[in-house]
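Have a look at query_13.pdb; it's PDB, C-alpha atoms and all ligand atoms:
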```
ATOM      1  CA  MET A   1     -10.208 -20.176  15.143
ATOM      2  CA  LEU A   2      -8.959 -16.619  14.580
ATOM      3  CA  GLN A   3     -10.381 -14.228  17.132
ATOM      4  CA  ASN A   4     -11.262 -10.584  16.869
ATOM      5  CA  ARG A   5      -9.303  -8.728  19.543
ATOM      6  CA  GLU A   6     -10.956  -5.318  19.356
ATOM      7  CA  GLY A   7     -10.710  -3.548  22.710
ATOM      8  CA  GLN A   8      -7.554  -5.477  23.724
ATOM      9  CA  ARG A   9      -3.953  -4.266  23.815
ATOM     10  CA  VAL A  10      -1.449  -5.357  21.184
ATOM     11  CA  PRO A  11       1.083  -7.936  22.456
ATOM     12  CA  ASN A  12       4.344  -6.712  24.009
ATOM     13  CA  VAL A  13       7.154  -7.785  21.705
ATOM     14  CA  ILE A  14      10.677  -6.715  20.736
ATOM     15  CA  PHE A  15      11.463  -6.686  17.019
ATOM     16  CA  HIS A  16      15.060  -7.130  15.885
ATOM     17  CA  THR A  17      15.710  -4.798  12.966
ATOM     18  CA  ARG A  18      18.726  -3.966  10.871
ATOM     19  CA  VAL A  19      19.429  -0.297  10.155
ATOM     20  CA  GLY A  20      22.437   0.032   7.833
ATOM     21  CA  ASN A  21      25.104  -2.201   9.383
ATOM     22  CA  ASP A  22      23.676  -2.054  12.895
ATOM     23  CA  TRP A  23      21.103  -4.036  14.828
ATOM     24  CA  LYS A  24      18.332  -1.991  16.381
ATOM     25  CA  ASP A  25      15.729  -3.443  18.708
ATOM     26  CA  ILE A  26      12.304  -1.796  18.560
ATOM     27  CA  SER A  27       9.564  -2.480  21.094
ATOM     28  CA  THR A  28       5.840  -2.426  20.541
ATOM     29  CA  GLY A  29       5.812   0.353  23.149
ATOM     30  CA  GLU A  30       7.891   2.569  20.841
ATOM     31  CA  LEU A  31       5.693   1.738  17.861
ATOM     32  CA  PHE A  32       2.299   2.242  19.497
ATOM     33  CA  LYS A  33       2.531   4.440  22.626
ATOM     34  CA  GLY A  34       0.502   7.628  22.242
ATOM     35  CA  LYS A  35       0.019   7.048  18.495
ATOM     36  CA  THR A  36      -2.750   6.219  16.064
ATOM     37  CA  VAL A  37      -1.355   3.355  14.024
ATOM     38  CA  VAL A  38      -2.643   1.291  11.108
ATOM     39  CA  VAL A  39      -1.215  -2.237  10.935
ATOM     40  CA  PHE A  40      -1.551  -4.633   8.046
ATOM     41  CA  SER A  41      -0.145  -8.113   8.308
ATOM     42  CA  LEU A  42       0.444 -10.529   5.479
ATOM     43  CA  PRO A  43       1.868 -13.987   4.715
ATOM     44  CA  GLY A  44       5.174 -13.017   3.172
ATOM     45  CA  ALA A  45       7.450 -10.399   1.650
ATOM     46  CA  PHE A  46       7.851 -10.651  -2.128
ATOM     47  CA  THR A  47       4.755 -12.877  -2.525
ATOM     48  CA  PRO A  48       2.405 -11.977  -5.398
ATOM     49  CA  THR A  49      -0.704 -10.403  -3.821
ATOM     50  CA  CYS A  50       1.313  -8.769  -1.052
ATOM     51  CA  SER A  51       3.635  -7.152  -3.625
ATOM     52  CA  SER A  52       1.149  -6.244  -6.333
ATOM     53  CA  THR A  53      -1.690  -4.899  -4.197
ATOM     54  CA  HIS A  54      -1.648  -5.163  -0.418
ATOM     55  CA  LEU A  55       1.544  -3.193   0.318
ATOM     56  CA  PRO A  56       1.516  -0.770  -2.673
ATOM     57  CA  ARG A  57      -1.968   0.549  -1.959
ATOM     58  CA  TYR A  58      -1.163   1.258   1.700
ATOM     59  CA  ASN A  59       1.998   3.041   0.522
ATOM     60  CA  GLU A  60       0.030   5.043  -2.065
ATOM     61  CA  LEU A  61      -2.685   6.040   0.420
ATOM     62  CA  ALA A  62      -0.239   6.850   3.248
ATOM     63  CA  PRO A  63      -0.524  10.661   2.802
ATOM     64  CA  THR A  64      -4.329  10.322   2.894
ATOM     65  CA  PHE A  65      -4.121   8.230   6.075
ATOM     66  CA  ALA A  66      -1.830  10.914   7.555
ATOM     67  CA  ALA A  67      -4.323  13.641   6.618
ATOM     68  CA  ASN A  68      -6.933  11.611   8.500
ATOM     69  CA  GLY A  69      -5.040  11.357  11.767
ATOM     70  CA  VAL A  70      -2.908   8.246  11.286
ATOM     71  CA  ASP A  71       0.642   8.668  12.644
ATOM     72  CA  SER A  72       2.181   5.572  11.074
ATOM     73  CA  ILE A  73       1.450   2.501   8.986
ATOM     74  CA  LEU A  74       3.127  -0.783   9.935
ATOM     75  CA  CYS A  75       3.527  -3.798   7.689
ATOM     76  CA  VAL A  76       4.002  -6.984   9.737
ATOM     77  CA  SER A  77       5.231 -10.252   8.269
ATOM     78  CA  VAL A  78       6.871 -13.374   9.680
ATOM     79  CA  ASN A  79      10.101 -12.623   7.839
ATOM     80  CA  ASP A  80      13.533 -11.485   8.976
ATOM     81  CA  THR A  81      14.641  -7.848   8.843
ATOM     82  CA  PHE A  82      16.981  -8.339   5.842
ATOM     83  CA  VAL A  83      14.110  -9.678   3.731
ATOM     84  CA  MET A  84      11.738  -6.942   4.907
ATOM     85  CA  ASN A  85      14.301  -4.207   4.193
ATOM     86  CA  GLU A  86      14.960  -5.499   0.667
ATOM     87  CA  TRP A  87      11.235  -5.771   0.006
ATOM     88  CA  ALA A  88      10.704  -2.174   1.154
ATOM     89  CA  LYS A  89      13.465  -1.019  -1.233
ATOM     90  CA  ASP A  90      12.074  -3.045  -4.122
ATOM     91  CA  GLN A  91       8.590  -1.617  -3.489
ATOM     92  CA  GLU A  92       9.807   1.962  -2.879
ATOM     93  CA  ALA A  93       7.623   1.722   0.234
ATOM     94  CA  GLN A  94       9.081   4.764   1.965
ATOM     95  CA  ASN A  95       5.745   5.538   3.678
ATOM     96  CA  ILE A  96       5.513   2.180   5.445
ATOM     97  CA  THR A  97       7.354   0.978   8.562
ATOM     98  CA  MET A  98       8.409  -2.618   7.998
ATOM     99  CA  VAL A  99       8.041  -4.810  11.072
ATOM    100  CA  PRO A 100      10.029  -8.056  10.839
ATOM    101  CA  ASP A 101       8.252 -10.525  13.090
ATOM    102  CA  GLY A 102      10.779 -13.241  12.241
ATOM    103  CA  ASN A 103      10.027 -15.458  15.252
ATOM    104  CA  GLY A 104       6.284 -14.892  14.883
ATOM    105  CA  ASP A 105       5.979 -13.607  18.474
ATOM    106  CA  PHE A 106       3.731 -10.648  17.653
ATOM    107  CA  THR A 107       1.634 -12.644  15.200
ATOM    108  CA  GLU A 108       1.240 -15.495  17.703
ATOM    109  CA  GLY A 109       0.285 -12.982  20.411
ATOM    110  CA  MET A 110      -2.396 -11.652  18.061
ATOM    111  CA  GLY A 111      -3.665 -15.217  17.547
ATOM    112  CA  MET A 112      -2.962 -14.881  13.821
ATOM    113  CA  LEU A 113      -0.108 -17.374  13.358
ATOM    114  CA  VAL A 114      -1.242 -20.047  10.878
ATOM    115  CA  ASP A 115       0.357 -23.061   9.208
ATOM    116  CA  LYS A 116       1.481 -22.570   5.632
ATOM    117  CA  LEU A 117       3.314 -25.900   5.653
ATOM    118  CA  ASP A 118       1.748 -26.990   2.363
ATOM    119  CA  LEU A 119       3.646 -24.140   0.660
ATOM    120  CA  GLY A 120       6.912 -24.743   2.517
ATOM    121  CA  PHE A 121       6.412 -21.429   4.341
ATOM    122  CA  GLY A 122       6.276 -22.827   7.885
ATOM    123  CA  ARG A 123       4.084 -20.689  10.147
ATOM    124  CA  ARG A 124       3.047 -17.274   8.884
ATOM    125  CA  SER A 125       0.597 -14.482   9.542
ATOM    126  CA  TRP A 126      -3.006 -14.732   8.443
ATOM    127  CA  ARG A 127      -3.900 -11.621   6.470
ATOM    128  CA  TYR A 128      -5.522  -8.922   8.632
ATOM    129  CA  SER A 129      -5.427  -5.206   9.304
ATOM    130  CA  MET A 130      -6.146  -3.200  12.423
ATOM    131  CA  LEU A 131      -6.431   0.337  13.706
ATOM    132  CA  VAL A 132      -4.584   0.745  17.009
ATOM    133  CA  LYS A 133      -4.867   3.798  19.246
ATOM    134  CA  ASP A 134      -2.292   4.159  22.039
ATOM    135  CA  GLY A 135      -1.716   0.395  21.980
ATOM    136  CA  VAL A 136      -5.412  -0.570  22.099
ATOM    137  CA  ILE A 137      -6.993  -2.274  19.096
ATOM    138  CA  GLU A 138     -10.002  -0.244  17.975
ATOM    139  CA  LYS A 139     -10.877  -2.131  14.791
ATOM    140  CA  MET A 140      -9.776  -5.338  13.069
ATOM    141  CA  PHE A 141     -10.403  -6.545   9.546
ATOM    142  CA  ILE A 142      -9.595 -10.276   9.492
ATOM    143  CA  GLU A 143      -9.731 -12.147   6.215
ATOM    144  CA  PRO A 144     -12.405 -14.869   6.205
ATOM    145  CA  GLN A 145     -11.208 -18.322   7.173
ATOM    146  CA  GLU A 146     -11.474 -19.797   3.720
ATOM    147  CA  PRO A 147      -9.003 -22.086   1.940
ATOM    148  CA  GLY A 148      -6.014 -20.388   0.311
ATOM    149  CA  ASP A 149      -5.213 -16.749   0.855
ATOM    150  CA  PRO A 150      -8.397 -14.645   0.761
ATOM    151  CA  PHE A 151      -7.848 -10.910   0.314
ATOM    152  CA  LYS A 152     -11.205  -9.206   0.768
ATOM    153  CA  VAL A 153     -11.182  -6.910   3.816
ATOM    154  CA  SER A 154      -7.626  -6.146   4.986
ATOM    155  CA  ASP A 155      -6.906  -3.790   2.074
ATOM    156  CA  ALA A 156      -6.002  -0.114   2.440
ATOM    157  CA  ASP A 157      -9.245   1.245   0.963
ATOM    158  CA  THR A 158     -11.414  -0.686   3.446
ATOM    159  CA  MET A 159      -9.350   0.673   6.348
ATOM    160  CA  LEU A 160      -9.437   4.242   5.015
ATOM    161  CA  ASP A 161     -13.204   4.021   4.474
ATOM    162  CA  TYR A 162     -13.545   2.895   8.115
ATOM    163  CA  ILE A 163     -11.485   5.865   9.341
ATOM    164  CA  ASN A 164     -13.246   8.390   7.089
ATOM    165  CA  LYS A 165     -15.601   7.267   4.361
ATOM    166  CA  ASP A 166     -15.403  10.744   2.785
ATOM    167  CA  ALA A 167     -11.591  10.894   2.715
ATOM    168  CA  LYS A 168     -10.313  12.430  -0.523
ATOM    169  CA  LYS A 169      -8.171   9.779  -2.195
ATOM    170  CA  PRO A 170      -5.344  10.696  -4.580
ATOM    171  CA  ASP A 171      -6.343  11.184  -8.196
ATOM    172  CA  GLN A 172      -5.346   8.408 -10.599
ATOM    173  CA  VAL A 173      -3.614  10.049 -13.565
ATOM    174  CA  VAL A 174      -2.089   8.480 -16.684
ATOM    175  CA  VAL A 175      -0.356  10.234 -19.569
ATOM    176  CA  PHE A 176      -0.018   8.264 -22.803
ATOM    177  CA  SER A 177       2.951   9.997 -24.384
ATOM    178  CA  LYS A 178       5.574   9.948 -27.122
ATOM    179  CA  VAL A 179       9.301  10.360 -26.430
ATOM    180  CA  GLY A 180      10.544  13.833 -27.416
ATOM    181  CA  CYS A 181       7.062  15.295 -27.901
ATOM    182  CA  PRO A 182       6.849  18.921 -26.638
ATOM    183  CA  HIS A 183       3.068  18.764 -26.037
ATOM    184  CA  CYS A 184       3.607  15.680 -23.849
ATOM    185  CA  ALA A 185       6.239  17.572 -21.841
ATOM    186  CA  ARG A 186       3.781  20.490 -21.489
ATOM    187  CA  ALA A 187       0.993  18.181 -20.255
ATOM    188  CA  LYS A 188       3.318  16.618 -17.679
ATOM    189  CA  ALA A 189       4.507  20.051 -16.522
ATOM    190  CA  LEU A 190       0.868  21.152 -16.084
ATOM    191  CA  LEU A 191       0.180  18.076 -13.931
ATOM    192  CA  GLU A 192       3.328  18.697 -11.889
ATOM    193  CA  ASP A 193       2.303  22.344 -11.370
ATOM    194  CA  LYS A 194      -0.986  21.101  -9.938
ATOM    195  CA  GLY A 195       0.852  18.616  -7.693
ATOM    196  CA  LEU A 196      -0.756  15.634  -9.425
ATOM    197  CA  ALA A 197       1.336  12.455  -9.500
ATOM    198  CA  TYR A 198       0.967  10.596 -12.786
ATOM    199  CA  VAL A 199       2.033   7.431 -14.537
ATOM    200  CA  ASP A 200       3.748   8.148 -17.853
ATOM    201  CA  VAL A 201       3.147   5.531 -20.545
ATOM    202  CA  PRO A 202       5.511   6.307 -23.445
ATOM    203  CA  LEU A 203       4.352   4.596 -26.627
ATOM    204  CA  ASP A 204       6.707   3.795 -29.495
ATOM    205  CA  ASN A 205       5.868   4.456 -33.163
ATOM    206  CA  LYS A 206       4.849   0.852 -33.869
ATOM    207  CA  ILE A 207       1.994   0.748 -31.361
ATOM    208  CA  ARG A 208       1.132   4.374 -30.611
ATOM    209  CA  GLY A 209      -1.682   4.848 -33.137
ATOM    210  CA  LYS A 210      -3.388   1.578 -32.231
ATOM    211  CA  VAL A 211      -3.141   2.082 -28.453
ATOM    212  CA  LEU A 212      -4.283   5.705 -28.533
ATOM    213  CA  GLY A 213      -7.085   4.882 -30.974
ATOM    214  CA  ALA A 214      -8.302   2.004 -28.794
ATOM    215  CA  VAL A 215      -8.268   3.829 -25.446
ATOM    216  CA  SER A 216      -9.152   7.395 -26.477
ATOM    217  CA  GLY A 217     -10.403   7.311 -30.055
ATOM    218  CA  LYS A 218      -7.648   9.865 -30.911
ATOM    219  CA  MET A 219      -4.379   9.359 -32.764
ATOM    220  CA  THR A 220      -2.102  12.037 -31.296
ATOM    221  CA  ALA A 221      -0.014  12.107 -28.127
ATOM    222  CA  PRO A 222      -0.416  13.032 -25.383
ATOM    223  CA  GLN A 223      -3.717  11.671 -24.168
ATOM    224  CA  VAL A 224      -4.309  12.307 -20.464
ATOM    225  CA  PHE A 225      -6.755  10.359 -18.285
ATOM    226  CA  ILE A 226      -7.818  11.401 -14.781
ATOM    227  CA  ASN A 227      -9.840   8.999 -12.612
ATOM    228  CA  GLY A 228     -11.068   7.060 -15.639
ATOM    229  CA  GLN A 229     -12.079  10.191 -17.580
ATOM    230  CA  LEU A 230     -10.422  11.081 -20.895
ATOM    231  CA  ILE A 231      -9.172  14.663 -20.594
ATOM    232  CA  GLY A 232      -7.220  14.600 -23.875
ATOM    233  CA  SER A 233      -4.354  16.710 -25.208
ATOM    234  CA  ALA A 234      -2.180  19.271 -23.396
ATOM    235  CA  ASP A 235      -4.526  22.072 -24.553
ATOM    236  CA  GLU A 236      -7.554  20.143 -23.308
ATOM    237  CA  LEU A 237      -5.789  19.538 -19.989
ATOM    238  CA  GLU A 238      -5.165  23.286 -19.684
ATOM    239  CA  THR A 239      -8.873  23.961 -20.326
ATOM    240  CA  TYR A 240      -9.810  21.275 -17.753
ATOM    241  CA  PHE A 241      -7.681  22.960 -15.097
ATOM    242  CA  LYS A 242      -9.031  26.423 -15.965
ATOM    243  CA  ALA A 243     -12.576  25.109 -15.551
TER
HETATM  244  C1  LIG A 301       0.423 -14.000  -2.335
HETATM  245  O1  LIG A 301       0.616 -12.904  -1.800
HETATM  246  O2  LIG A 301      -0.081 -14.058  -3.459
HETATM  247  C2  LIG A 301       0.801 -15.268  -1.634
HETATM  248  C3  LIG A 301       1.016 -15.246  -0.282
HETATM  249  C4  LIG A 301       1.379 -16.406   0.365
HETATM  250  C5  LIG A 301       1.535 -17.570  -0.327
HETATM  251  C6  LIG A 301       1.323 -17.592  -1.686
HETATM  252  C7  LIG A 301       0.957 -16.446  -2.345
END
```

Take the structure I supplied and represent it as structure tokens, if you would.
Amino acid sequence: MLQNREGQRVPNVIFHTRVGNDWKDISTGELFKGKTVVVFSLPGAFTPTCSSTHLPRYNELAPTFAANGVDSILCVSVNDTFVMNEWAKDQEAQNITMVPDGNGDFTEGMGMLVDKLDLGFGRRSWRYSMLVKDGVIEKMFIEPQEPGDPFKVSDADTMLDYINKDAKKPDQVVVFSKVGCPHCARAKALLEDKGLAYVDVPLDNKIRGKVLGAVSGKMTAPQVFINGQLIGSADELETYFKA
């Protein structure tokens, strides 16, 4: 039975980490003392849900967490430091502190160490997240004890909503573009001027008309979308910003 530990202190543990070619031990004291910390813990580096959703969304929302008083975001997994470091690189997760709980000491101390023997994983962390202030757990989101690997409450958005339900999340921006197109370059420059991060989707000649027609009803690149709304061409983006 996984227990909610709100109001209790996090366990005292030393993590063995690798920084470059050196070993560096880090204590829970160093990670938590005097800080507001968000922790999310998951069953394994490089596994599908952890890599596609759980970690990337915390990384994406890290500046928003920071703007709402969070000093650091820790990702805990029962994996060794080499695996965690490679996963961080692969994920470009520069906003997240990887915590290799290779022996499972922290996870066991949290009461979250579960058998994943059926998958050949040994013992791993149940998925959960928590908000920790100066070493004391204020809030926990523990995934329901259902078969498999439920992922319903330990996500970044649920935690951010708990901290501040009115927090302004980053805009989601996509530019459907064409390589070498000056209007596409202008649209991207306008977004950069406004400090808006975007995903560029360059479309080749064979599919461009069909894709643009299907998603925007237009045939020319670029087509810019912001938070699910079609803004349109570079000129239309300029008008949108002026408004
Ligand atoms: C996943 O993240 O999808 C996953 C985690 C543990 C075992 C299998 C899959």

Give, as lines of an AutoDock Vina configuration file, the centre coordinates and the x, y and z edge lengths in Å to one decimal for an axis-aligned box around all listed atoms of ligand LIG 301 (chain A), padded by 5 Å on each side.
```
center_x = 0.7
center_y = -15.2
center_z = -1.5
size_x = 11.6
size_y = 14.7
size_z = 13.8
```

Which residues of chain A come within 8 Å of ligand LIG 301 (chain A), and what is each one's closest atom pair and distance in Å (one decimal), counting all atoms listed in the file, sorted by chain and residue number, as a tab-separated table?
```
residue	atom	partner	partner_atom	distance
A:Leu42	CA	A:LIG301	C3	7.5
A:Pro43	CA	A:LIG301	C4	5.0
A:Gly44	CA	A:LIG301	C4	5.8
A:Phe46	CA	A:LIG301	O1	7.6
A:Thr47	CA	A:LIG301	O1	4.2
A:Pro48	CA	A:LIG301	O2	3.8
A:Thr49	CA	A:LIG301	O1	3.5
A:Cys50	CA	A:LIG301	O1	4.3
A:Ser51	CA	A:LIG301	O1	6.7
A:Lys116	CA	A:LIG301	C5	7.8
A:Leu119	CA	A:LIG301	C5	7.0
A:Phe121	CA	A:LIG301	C5	7.8
A:Asp149	CA	A:LIG301	C3	6.5
```

**OP:** Would you translate the PyMOL selection byres (((chain A and resi 73) around 9) and not hetatm) into the concrete set of residues it matches in this file, as a ChimeraX atom specification?
**Re:** /A:37-40,58-59,62,65,70-72,74-75,95-98

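The residues caught by the PyMOL selection byres (((chain A and resi 122) around 12) and not hetatm) in this file are Pro43, Gly44, Val78, Asn79, Gly102, Asn103, Gly104, Leu113, Val114, Asp115, Lys116, Leu117, Asp118, Leu119, Gly120, Phe121, Arg123, Arg124 and Ser125 of chain A.
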
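Of the residues under consideration (A:Val13, A:Val83, A:Leu230, A:Ala45), A:Val13 shows the shortest atom-to-atom contact distance to Thr107 (chain A) when counting all atoms listed in the file.
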
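The nearest approach to Glu60 (chain A) among the residues A:Asp204, A:Glu146, A:Glu92, A:Asp166, with all atoms listed in the file taken into account, belongs to A:Glu92.
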
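Among the candidates A:Ile163, A:Ala93, A:Ile207, A:Val99, the one nearest to Val76 (chain A) when counting only C-alpha atoms is A:Val99.
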
**OP:** Could you please determine the separation between CA of Val19 (chain A) and CA of Gln94 (chain A) in Å, to one decimal place?
**Re:** 14.1 Å

Subject >> Hits from the PyMOL selection byres (((chain A and resi 143) around 6) and not hetatm), listed as a ChimeraX atom specification >> reply: /A:127-128,142,144,153

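What separates CA of Val224 (chain A) from CA of Asn68 (chain A) is a distance of 29.1 Å.
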
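One distance worth recording is that between CA of Gly228 (chain A) and CA of Phe141 (chain A), which is 28.6 Å.
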
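Nearest to Ala221 (chain A) of all the residues A:Ala185, A:Phe15, A:Tyr198, A:Thr239 is A:Ala185, based on all atoms listed in the file.
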
**OP:** For region 168-174 of chain A, please output as number ranges by chain all residues within 12 Å (counting all atoms listed in the file; exclusion window: fewer than 3 positions along the same chain).
**Re:** A: 57-68, 156-157, 160-161, 163-165, 177, 184, 187-188, 191-192, 194-202, 215, 222-232, 237

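Nearest-residue note for Val175 (chain A): choosing from A:Ala234, A:Met112, A:Met140, A:Ala243, the minimum distance belongs to A:Ala234, counting all atoms listed in the file.
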
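Closest approach to Arg18 (chain A) from the set A:Asp193, A:Glu108, A:Glu236, A:Glu86 is made by A:Glu86, with distances taken over all atoms listed in the file.
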
Could I see region 219-229 of chain A restored to all heavy atoms, set down as a tab-separated table (two decimals), in the coordinates of the input?
```tsv
chain	number	residue	atom	x	y	z
A	219	MET	N	-5.61	9.94	-32.20
A	219	MET	CA	-4.38	9.36	-32.76
A	219	MET	C	-3.12	10.09	-32.30
A	219	MET	O	-2.01	9.65	-32.56
A	219	MET	CB	-4.43	9.41	-34.30
A	219	MET	CG	-5.59	8.64	-34.90
A	219	MET	SD	-5.55	6.90	-34.44
A	219	MET	CE	-4.31	6.31	-35.58
A	220	THR	N	-3.28	11.23	-31.63
A	220	THR	CA	-2.10	12.04	-31.30
A	220	THR	C	-1.77	11.97	-29.81
A	220	THR	O	-2.66	11.86	-28.96
A	220	THR	CB	-2.36	13.52	-31.66
A	220	THR	OG1	-3.57	13.93	-31.02
A	220	THR	CG2	-2.47	13.72	-33.16
A	221	ALA	N	-0.47	12.06	-29.53
A	221	ALA	CA	-0.01	12.11	-28.13
A	221	ALA	C	0.20	13.57	-27.74
A	221	ALA	O	0.55	14.38	-28.61
A	221	ALA	CB	1.28	11.33	-27.99
A	222	PRO	N	-0.03	13.93	-26.47
A	222	PRO	CA	-0.42	13.03	-25.38
A	222	PRO	C	-1.93	12.85	-25.32
A	222	PRO	O	-2.67	13.65	-25.87
A	222	PRO	CB	0.05	13.80	-24.15
A	222	PRO	CG	-0.21	15.24	-24.50
A	222	PRO	CD	0.14	15.34	-25.98
A	223	GLN	N	-2.33	11.80	-24.60
A	223	GLN	CA	-3.72	11.67	-24.17
A	223	GLN	C	-3.67	11.45	-22.65
A	223	GLN	O	-3.00	10.54	-22.17
A	223	GLN	CB	-4.42	10.50	-24.87
A	223	GLN	CG	-4.61	10.71	-26.37
A	223	GLN	CD	-5.45	11.96	-26.71
A	223	GLN	OE1	-6.38	12.32	-25.98
A	223	GLN	NE2	-5.11	12.63	-27.81
A	224	VAL	N	-4.35	12.33	-21.94
A	224	VAL	CA	-4.31	12.31	-20.46
A	224	VAL	C	-5.64	11.78	-19.93
A	224	VAL	O	-6.71	12.20	-20.40
A	224	VAL	CB	-4.07	13.74	-19.91
A	224	VAL	CG1	-4.03	13.74	-18.39
A	224	VAL	CG2	-2.78	14.32	-20.48
A	225	PHE	N	-5.56	10.88	-18.97
A	225	PHE	CA	-6.76	10.36	-18.28
A	225	PHE	C	-6.66	10.70	-16.80
A	225	PHE	O	-5.60	10.55	-16.20
A	225	PHE	CB	-6.84	8.84	-18.41
A	225	PHE	CG	-7.23	8.35	-19.79
A	225	PHE	CD1	-6.29	8.29	-20.81
A	225	PHE	CD2	-8.53	7.96	-20.07
A	225	PHE	CE1	-6.64	7.84	-22.07
A	225	PHE	CE2	-8.89	7.51	-21.32
A	225	PHE	CZ	-7.94	7.44	-22.34
A	226	ILE	N	-7.78	11.16	-16.23
A	226	ILE	CA	-7.82	11.40	-14.78
A	226	ILE	C	-9.03	10.67	-14.21
A	226	ILE	O	-10.17	10.91	-14.64
A	226	ILE	CB	-7.90	12.91	-14.44
A	226	ILE	CG1	-6.66	13.64	-15.02
A	226	ILE	CG2	-8.00	13.13	-12.93
A	226	ILE	CD1	-6.60	15.12	-14.75
A	227	ASN	N	-8.78	9.78	-13.28
A	227	ASN	CA	-9.84	9.00	-12.61
A	227	ASN	C	-10.81	8.37	-13.62
A	227	ASN	O	-12.03	8.44	-13.45
A	227	ASN	CB	-10.60	9.88	-11.62
A	227	ASN	CG	-9.70	10.41	-10.52
A	227	ASN	OD1	-8.76	9.73	-10.11
A	227	ASN	ND2	-9.97	11.60	-10.03
A	228	GLY	N	-10.24	7.78	-14.67
A	228	GLY	CA	-11.07	7.06	-15.64
A	228	GLY	C	-11.70	7.94	-16.69
A	228	GLY	O	-12.38	7.45	-17.59
A	229	GLN	N	-11.47	9.26	-16.60
A	229	GLN	CA	-12.08	10.19	-17.58
A	229	GLN	C	-11.01	10.63	-18.58
A	229	GLN	O	-9.89	11.00	-18.16
A	229	GLN	CB	-12.62	11.41	-16.82
A	229	GLN	CG	-13.30	12.44	-17.70
A	229	GLN	CD	-13.57	13.75	-16.95
A	229	GLN	OE1	-13.40	13.83	-15.73
A	229	GLN	NE2	-13.97	14.78	-17.69
```
